[in-house]
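**Student:** Supplied in structure tokens, the structure appears directly below.
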Amino acid sequence: MTPAAAPQRPAAPAIPRPRAGSAGLAALLLPYALGLLVLGLIVHDRGRSGSTVYVDANEMARTATTAAAGGGAIDPVCGMSVRASGADKAVYQGRAFHFCSAYCRTAFLDKPADYAQASLTPRPSHTMRGLPTRMYQWALVVILVLSFGLMEFFAGGGRDAGPMAARWNLTAWPPLRRALASSLFPLVARAATSLLFLVVIAAGLFGNQSPAMNIAPLLTWTVWWTGLIFAVLYLGKGWCTVCPWDALAGWAERLKFRGPRGGSLGLGLPWPKSLRGIWPASALFLALTWVELGMGITLIPRATAWVALGMLGMAVASAFLFERKSFCRHACLVGRVSGLYALFSSVEVRASRETCSGCGTLDCWKGNTLGDGCPTFEYPRAMKLNTYCTMCAECFKTCPRDSMSLNLRPWASDLVVEGKPRADEAALALVLLSMTAFHGLTMTPAWVALLETTRAATGFSFTGAFTLLMAAFLILPALVYAALAMVSAAWARVERRDVALRFAYALLPIALFYHLAHNAEHFLMEGPKILALISDPFGWGWNLFGTARWAVPPLVSLEGLWRIQVLFVLVGHLYSLWITARTARRLAPECGALAVQIPMLIAMATFSWGSLWLLKQPMEMRISGM
Amino acid sequence: MIWPWRRAVQALVLASVVLFPFIARYGHYLWARQTEKMLSLWEGSAAGLILRGTDALMRAGLPMEESGVAGRRPRKALLARADNFVGSVPWSARVFGVSLTDLLAASESALAAGSLLSVLAVGAIIPLIATVLLGRVYCGWICPVGILLPLIRRLRALVAFLELPVRDVRFSKKNKYALLGAAAAITAAGGLPMLHHIYPPAILSRECHSFATVLFDRAESGLFGFPWGFATGGMLFLGLVALVEVALAPGFWCASLCPGGALYSALSRWKLLRVKRAKSACIDCVICDQKCPMQLQPMTDKTGAECDACGVCVDACPTRALSIRFSRTDAALLILFALLLAPPARAHHIIGIPHYAYDKSFPQAPVLRLRDKIGPYEVTLTAYPGNPKPGEKSEIHVYVADPATNAPYEKPVLLEAHRLRIFGFQEKIADAGEGLVDMGLHKFQVFYPVEANYEVVLVLPGLDGTSTLRFPMVIGEPGSPWRDVALFGGGFLALVVAVRAVKIKRARAAARERIA
């Protein structure tokens with residue numbers, strides 16, 4: 001027997017190479033370097049500290065029961081429930097005390113007698129310590145130095161995008177292009193997310209209504225909402241690609257799962273003129289923030305399900321009434337918030353200008369038998385920004401010339417190129433900035449004092465006072481920003497409107513990274529509890545995967561968390577500075593750029609200072625609020 | 001013109017179906033001398049309104065007796081009146097003192113028991129004679145479903161307007177005999193009557209009774225919310241029949257599937273009341289054939305035992321060629337006259353007869369027992385009653401003990417109660433307080449003001465670690481998640497149907513424009 005001739009294998013497709021110079025390559029890799037740094041911090045931290053927060057009252061009860069066996073203990077300083085095997089430990093009068101962090105330990109060692117007494121009557125506290133003062137001050141100094149000392153450093157480059165033009169076309173790798181062009185591409189992932197979504201709704205409606213025993217609140221508000229913002233950094237609008245609302249609405253409207261539309265049920269009306277732009281999405285975002293914080297729905301499984309059903313209802317109604325995916329484009333708060341953030345993201349879908357210039361068929365806009373025309377009314381050939389692209393890959397399917405590509409790119413690429421500023425987007429950027437900060441504020445002790453003062457001063461009910469404060473927090477940052485923009489416009493003699501709209505985009509990184517810093521706390525500290533809930537999503541005493549009794553410690557210690565938070569704020573500020581500098585160069589000639597810039601730098605530094613101040617405050621954890 | 005008479009009779013029967021359960025309950029309170037009390041207690045509620053209406057109706061023509069401070073009800077006279085209207089109409093009831101028993105019910109229970117009880121036989125006399133003589137007159141003139149189904153079939157116009165498919169499927173009329181035969185065989189073999197589960201007039205009447213029971217029982221417990229007592233399997237079945245009637249096969253139930261109809265048809269082979277056709281006047285226009293709700297053909301004299309004497313064909317005939325007549329008028333009149341002379345027989349009717357007259361129900365109050373752990377201790381919370389009425393005192397006993405030593409927890413235990421409102425608002429209804437301590441047992445009293453979800457919070461201030469425990473309390477029947485699901489599903493369905501209808505109408509208008 002002669003061995004069969006080796007089959008002729010096609011040459012392995014070449015992995016595409018980035019199109020970038022060395023500075024561009026550095027810009028391309030920076031996001032991943034930062035990601036690795038954060039992961040490193042977490043991993044390093046896990047080896048060092050064993051402190052733990054039990055976020056559920058039952059879990060805490062269990063800890064207290066096992067405390068005698070050496071499993072858990074109470075931090076005598078802050079009252080947190082911590083693991084007794086942790087490194088932060090002190091022995092006083094023959095008794096061992098355990099701490100959440102070195103800071104509590106130091107505080108204990110200062111006045112051991114006081115705290116030792118206190119620990120005899122422990123308080124079930126769920127408040128996490130904020131940034132230590134020294135760290136806060138250092139970060140502030142760094143921000144001020146970066147903003148005003150080194151601003152000329154960022155100014156270089158002029159109109160040219162420089163290293164930001166670096167791109168790495170991933171779809172030059174044929175398997176990836178084939179995968180994106182396949183009709184299975186978003187379908188499989190969407191089926192999975194839709195299933196999960198329905199389980200969450202079922203859990204919210206029918207499950208145990210105790211928030212710590214139901215998977216719906218934690219999965220929605222802590223894991224999903226935070227994960228969404230994290231995903232924007234590296235995957236852009238990846239959520240929209242797998243969005244279950246749109247998936248379920250689309251399937252219901254088309255009565256089929258695969259392939260382009262045709263014979264669908266919907267009316268295909270044009271979206272009403274009065275609701276054009278993303279104003280509806282901004283309004284929904286405010287409404288959601290209002291019910292979320294004002295009504296505390298993050299702690300009510302059933303209300304969480306109502307919100308999910310409400311979103312689904314709006315998506316379904318729009319799918320049946322309006323053409324394409326009008327809801328995604330104009331009204332979906334998640335899509336629009338992540339859309340603005342996605343200007344910063346490190347991936348993009350773009351068309352090749354050379355290939356498109358010879359195209360007369362416009363399949364990507366009109367759709368063909370392989371896929372739909374762009375569902376969010378983008379014109380892929382001319383698309384320059386990420387905002388409205390949901391990365392649904394329909395254009396990969398429809399384009400007969402393979403013009404579309406999925407590129408890696410440096411962060412903030414869309415923010416440094418010249419786009420057409422729009423009032424609705426600028427407004428949402430400001431709303432995002434003020435509302436994420438407001439969100440953080442409501443979890444601090446300062447909020448309680450503020451709320452009580454307001455109630456005493458106005459005589460309003462809780463809801464009234466809350467609404468008043470929320471409105472104030474919405475308007476005040478906008479006023480500060482508008483005032484500074486006016487100063488800026490007056491100094492440089494440029495259009496006020498131009499200044500106000502263009503620089504609003506420069507605020508996005510500050511908002512995004514504060515959002516991340518704030519939610520990192522929830523995600524890293526409370527998120528691991530999801531492992532236990534997965535085994536018992538309805539709180540009916542199941543143990544599907546054997547993890548229901550797990551008490552998973554937080555992923556990082558407090559010190560580790562603080563480092564990550566400060567890092568996030570600094571990175572966000574840095575990007576904002578850079579974008580400010582470039583926007584100023586574009587807006588005003590060389591001599592006027594500085595004049596335009598300085599009031600805006602004051603705004604940036606103020607907002608970042610606000611972020612740091614909020615992080616310095618102790619924070620109420622979410623599920624433990626019960 | 002026959003239809004106004006027929007509809008009037010049917011409407012009267014339908015009204016009685018709804019009213020009889022209330023009359024029965026009224027008789028119950030009258031018997032127990034509780035009418036006055038209930039009327040004053042339920043002022044302003046649906047139950048009170050219904051009871052007052054029933055009272056007014058029953059008292060029609062009877063003045064209040066002059067005695068004592070206020071006028072008293074003529075109790076004995078009212079009781080006698082109420083006793084004349086019991087049971088589940090249409091004809092398993094005592095109406096104006098005449099006992100009637102549904103033939104299907106009588107034959108089924110006779111078949112199941114292997115013997116015919118005299119009370120059933122007595123009640124069945126009038127229906128039997130009426131059927132043999134007049135045919136399926138019950139179906140056409142008395143059965144309350146006979147008026148409801150045509151009303152529901154009007155929805156066909158709406159369904160067609162919504163561009164949903166409406167079909168007109170016809171089934172064989174022999175199906176109902178097969179169903180009746182099969183059920184009879186199974187009942188004879190197994191000894192279990194079963195047709196009442198699918199016999200629509202029986203279901204309707206039973207559900208009316210159960211609705212009244214739920215409404216008044218809840219009112220007696222101080223619950224005046226909407227009673228969902230009628231959302232049962234029987235009603236679901238009726239809904240299903242209605243759905244098929246509307247969308248698929250109008251008239252299928254009475255013509256092809258009703259076991260009662262099968263029995264009446266089988267008994268009316270030699271009936272004297274028939275549709276007559278004057279051949280000379282008939283112009284073969286087919287209108288009567290098209291209009292016949294039983295899917296018969298009066299134009300070719302094909303009516304026979306299936307005809308329910310509804311008279312639709314008679315009214316519809318443009319030349320008045322059709323009429324309903326006795327074929328042997330003399331014999332018919334004779335039998336009817338004999339029936340009128342017959343003394344009213346009395347049969348026993350379970351539904352509606354008060355068995356006991358008492359002021360208050362005394363079932364064991366349900367006790368709620370919840371257990372939890374806190375620190376090293378086991379906590380047992382006992383609520384008595386477990387699901388108390390709003391405003392009623394509920395005793396909560398808390399026992400905290402160390403399971404290892406069985407020693408009770410000595411330090412104070414505080415209790416708070418909150419009402420859980422929508423969107424997580426909590427309203428404190430009982431402040432943290434120490435209860436009575438008795439041999440390690442902590443006793444509290446809580447008043448829940450209204451039907452709602454509550455939370456009882458135990459605070460053990462002397463405990464390490466966690467010091468609070470939360471127990472859910474449900475008072476009455478506050479909302480259900482199914483309601484949310486139904487609301488969403490219903491809204492979704494309505495949207496789909498409306499959008500589809502608009503789309504089809506637009507397409508049709510566009511097509512019309514193209515042609516024009």
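We label chains A, B, ... in the order they appear in the structure tokens, count residues from 1 in each chain, and number ligands from 1 in the order shown.
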Write out as a list in words which residues come within 10 Å of Ser282 (chain A) when counting only C-alpha atoms, dropping same-chain ones fewer than 5 positions away.
**Tutor:**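 The contact residues come out as Gly277, Ala287, Leu288, His330, Ala331, Cys332, Leu333, Val334, Arg336, Val337, Asp424, Glu425, Ala427, Leu428, Ala429, Val431 and Leu432 of chain A.
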**Student:** Restricting the calculation to only C-alpha atoms: of B:Asp55, B:Glu434, B:Glu416, B:Asp372, which residue gets closest to chain A?
**Tutor:**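 Closest to chain A of all the choices is B:Asp372.
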**Student:** Which one of B:Leu381, B:Cys143, B:Met58, B:Ala501 sits closest to chain A if you count only C-alpha atoms?
**Tutor:**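 Among the listed residues, B:Ala501 lies closest to chain A.
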**Student:** Determine which residues of region 385-495 of chain A DSSP labels as strand (DSSP E or B) from the backbone of this structure, then write them out as JSON, numbers by chain.
**Tutor:** {"A": [404, 405, 406, 407, 408]}
**Student:** Pick out the closest residue to Thr101 (chain B) from this set: B:Ala121, B:Leu339, B:Val214, B:Val457. Count only C-alpha atoms.
**Tutor:**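 Among the listed residues, B:Ala121 lies closest to Thr101 (chain B).
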**Student:** Give me, as a VMD selection string, all polymer residues having an atom no more than 8 Å from Arg190 (chain A), counting only C-alpha atoms and skipping those fewer than 4 positions away in the same chain.
**Tutor:** chain A and resid 186 194 241 to 244 247
**Student:** I'd like the neighbourhood of Leu150 (chain A) as a list in words, where a residue qualifies if any of its atoms comes within 12 Å (using only C-alpha atoms), though same-chain residues fewer than 6 positions away should be ignored.
**Tutor:**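 That gives Val142, Ile143, Leu144, Gly156, Leu574, Leu577, Trp578, Ala581 and Leu601 of chain A.
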**Student:** For Met235 (chain B), find every residue with an atom within 10 Å (counting only C-alpha atoms), except residues of its own chain fewer than 2 positions away, and show them as a list in words.
**Tutor:**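 The filter keeps Pro200, Ile203, Leu204, Arg206, Glu207, Phe230, Ala231, Thr232, Gly233, Phe237, Leu238, Gly239, Leu240 and Val241 of chain B.
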**Student:** Just write the chosen residues, C-alpha atoms, as an mmCIF file, in the first residue's frame.
**Tutor:**
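The resulting part.cif:
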data_model
loop_
_atom_site.group_PDB
_atom_site.id
_atom_site.type_symbol
_atom_site.label_atom_id
_atom_site.label_comp_id
_atom_site.auth_asym_id
_atom_site.auth_seq_id
_atom_site.Cartn_x
_atom_site.Cartn_y
_atom_site.Cartn_z
ATOM 1 C CA PRO B 200 -72.286 24.701 27.800
ATOM 2 C CA ILE B 203 -70.993 25.232 32.588
ATOM 3 C CA LEU B 204 -72.444 28.714 32.295
ATOM 4 C CA ARG B 206 -72.244 26.573 37.330
ATOM 5 C CA GLU B 207 -69.766 29.367 36.745
ATOM 6 C CA PHE B 230 -64.985 32.877 37.032
ATOM 7 C CA ALA B 231 -61.614 32.368 35.360
ATOM 8 C CA THR B 232 -61.866 28.584 35.431
ATOM 9 C CA GLY B 233 -61.412 25.607 33.149
ATOM 10 C CA PHE B 237 -63.819 25.702 27.403
ATOM 11 C CA LEU B 238 -66.688 28.078 26.637
ATOM 12 C CA GLY B 239 -64.135 30.576 25.347
ATOM 13 C CA LEU B 240 -62.678 27.919 23.097
ATOM 14 C CA VAL B 241 -66.107 27.079 21.698
#
**Student:** Calculated over only C-alpha atoms, which of the candidates A:Gln597, A:Thr376, A:Thr606, A:Ser461 has the smallest distance to Tyr388 (chain A)?
**Tutor:**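 Smallest separation from Tyr388 (chain A) among the options: A:Thr376.
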**Student:** What's the 7 Å shell around Leu272 (chain B), counting only C-alpha atoms, without same-chain residues fewer than 2 positions away, as JSON, numbers by chain?
**Tutor:** {"B": [133, 134, 270, 274, 326, 327, 328, 332]}
**Student:** Let's have the selection written as a short mmCIF file (atom, residue, chain, number, x, y, z; two decimals), in the first residue's frame, with C-alpha atoms.
**Tutor:**
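File produced: result.cif:
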data_model
loop_
_atom_site.label_atom_id
_atom_site.label_comp_id
_atom_site.auth_asym_id
_atom_site.auth_seq_id
_atom_site.Cartn_x
_atom_site.Cartn_y
_atom_site.Cartn_z
CA LEU B 133 -93.92 17.01 21.85
CA LEU B 134 -92.06 20.11 20.67
CA TRP B 270 -92.13 11.90 16.66
CA ARG B 274 -92.79 21.18 12.72
CA PHE B 326 -98.50 21.37 15.21
CA SER B 327 -99.12 18.49 12.89
CA ARG B 328 -101.77 17.07 15.29
CA ALA B 332 -100.72 18.52 21.31
#
**Student:** Can you tell me which residues surround Arg25 (chain B) at a distance of at most 8 Å, considering only C-alpha atoms, apart from same-chain residues fewer than 4 positions away, and format the answer as an MDAnalysis selection string?
**Tutor:** chainID B and resid 21 29 212:213 352
**Student:** Store the residues picked out above in a file with C-alpha atoms, as a PDB file, in the first residue's frame.
**Tutor:**
ATOM      1  CA  PRO B  21     -77.164  32.254  42.367  1.00  0.00           C
ATOM      2  CA  TYR B  29     -78.555  35.249  54.515  1.00  0.00           C
ATOM      3  CA  ALA B 212     -71.537  34.482  43.276  1.00  0.00           C
ATOM      4  CA  THR B 213     -69.913  32.220  45.848  1.00  0.00           C
ATOM      5  CA  GLY B 352     -78.662  27.114  46.538  1.00  0.00           C
TER       6      GLY B 352
END
**Student:** Taking only region 136-318 of chain B into account, list the residues labelled alpha helix (DSSP H) by DSSP (computed from the backbone), as JSON, numbers by chain.
**Tutor:** {"B": [137, 145, 146, 147, 148, 149, 150, 151, 152, 153, 155, 156, 157, 158, 159, 160, 161, 175, 176, 177, 178, 179, 180, 181, 182, 183, 184, 185, 186, 187, 188, 189, 190, 200, 201, 202, 203, 204, 205, 206, 207, 208, 209, 210, 211, 212, 213, 214, 215, 216, 217, 218, 219, 220, 233, 234, 235, 236, 237, 238, 239, 240, 241, 242, 243, 244, 245, 246, 247, 252, 259, 260, 261, 262, 263, 264, 265, 266, 267, 287, 288, 289, 290, 291, 312, 313, 314, 315, 316]}
**Student:** Which of these residues is nearest to chain A, using only C-alpha atoms: B:Thr468, B:Asn84, B:Ser99, B:Thr35?
**Tutor:**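 Under the stated criterion, the closest residue is B:Thr468.
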**Student:** Given the choices A:Glu521, A:Asp110, A:Glu292, A:Glu452, which gets closest to chain B if the distance is worked out from only C-alpha atoms?
**Tutor:**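 Under the stated criterion, the closest residue is A:Glu292.
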**Student:** Provide the CA of Trp141 (chain B) to CA of Ala112 (chain B) distance in Å, to one decimal place.
**Tutor:**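 The value is 28.9 Å.
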**Student:** Record the distance separating CA of Leu14 (chain B) and CA of Tyr199 (chain B), expressed in Å with one decimal.
**Tutor:**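 Rounded to one decimal, the two atoms are 15.7 Å apart.
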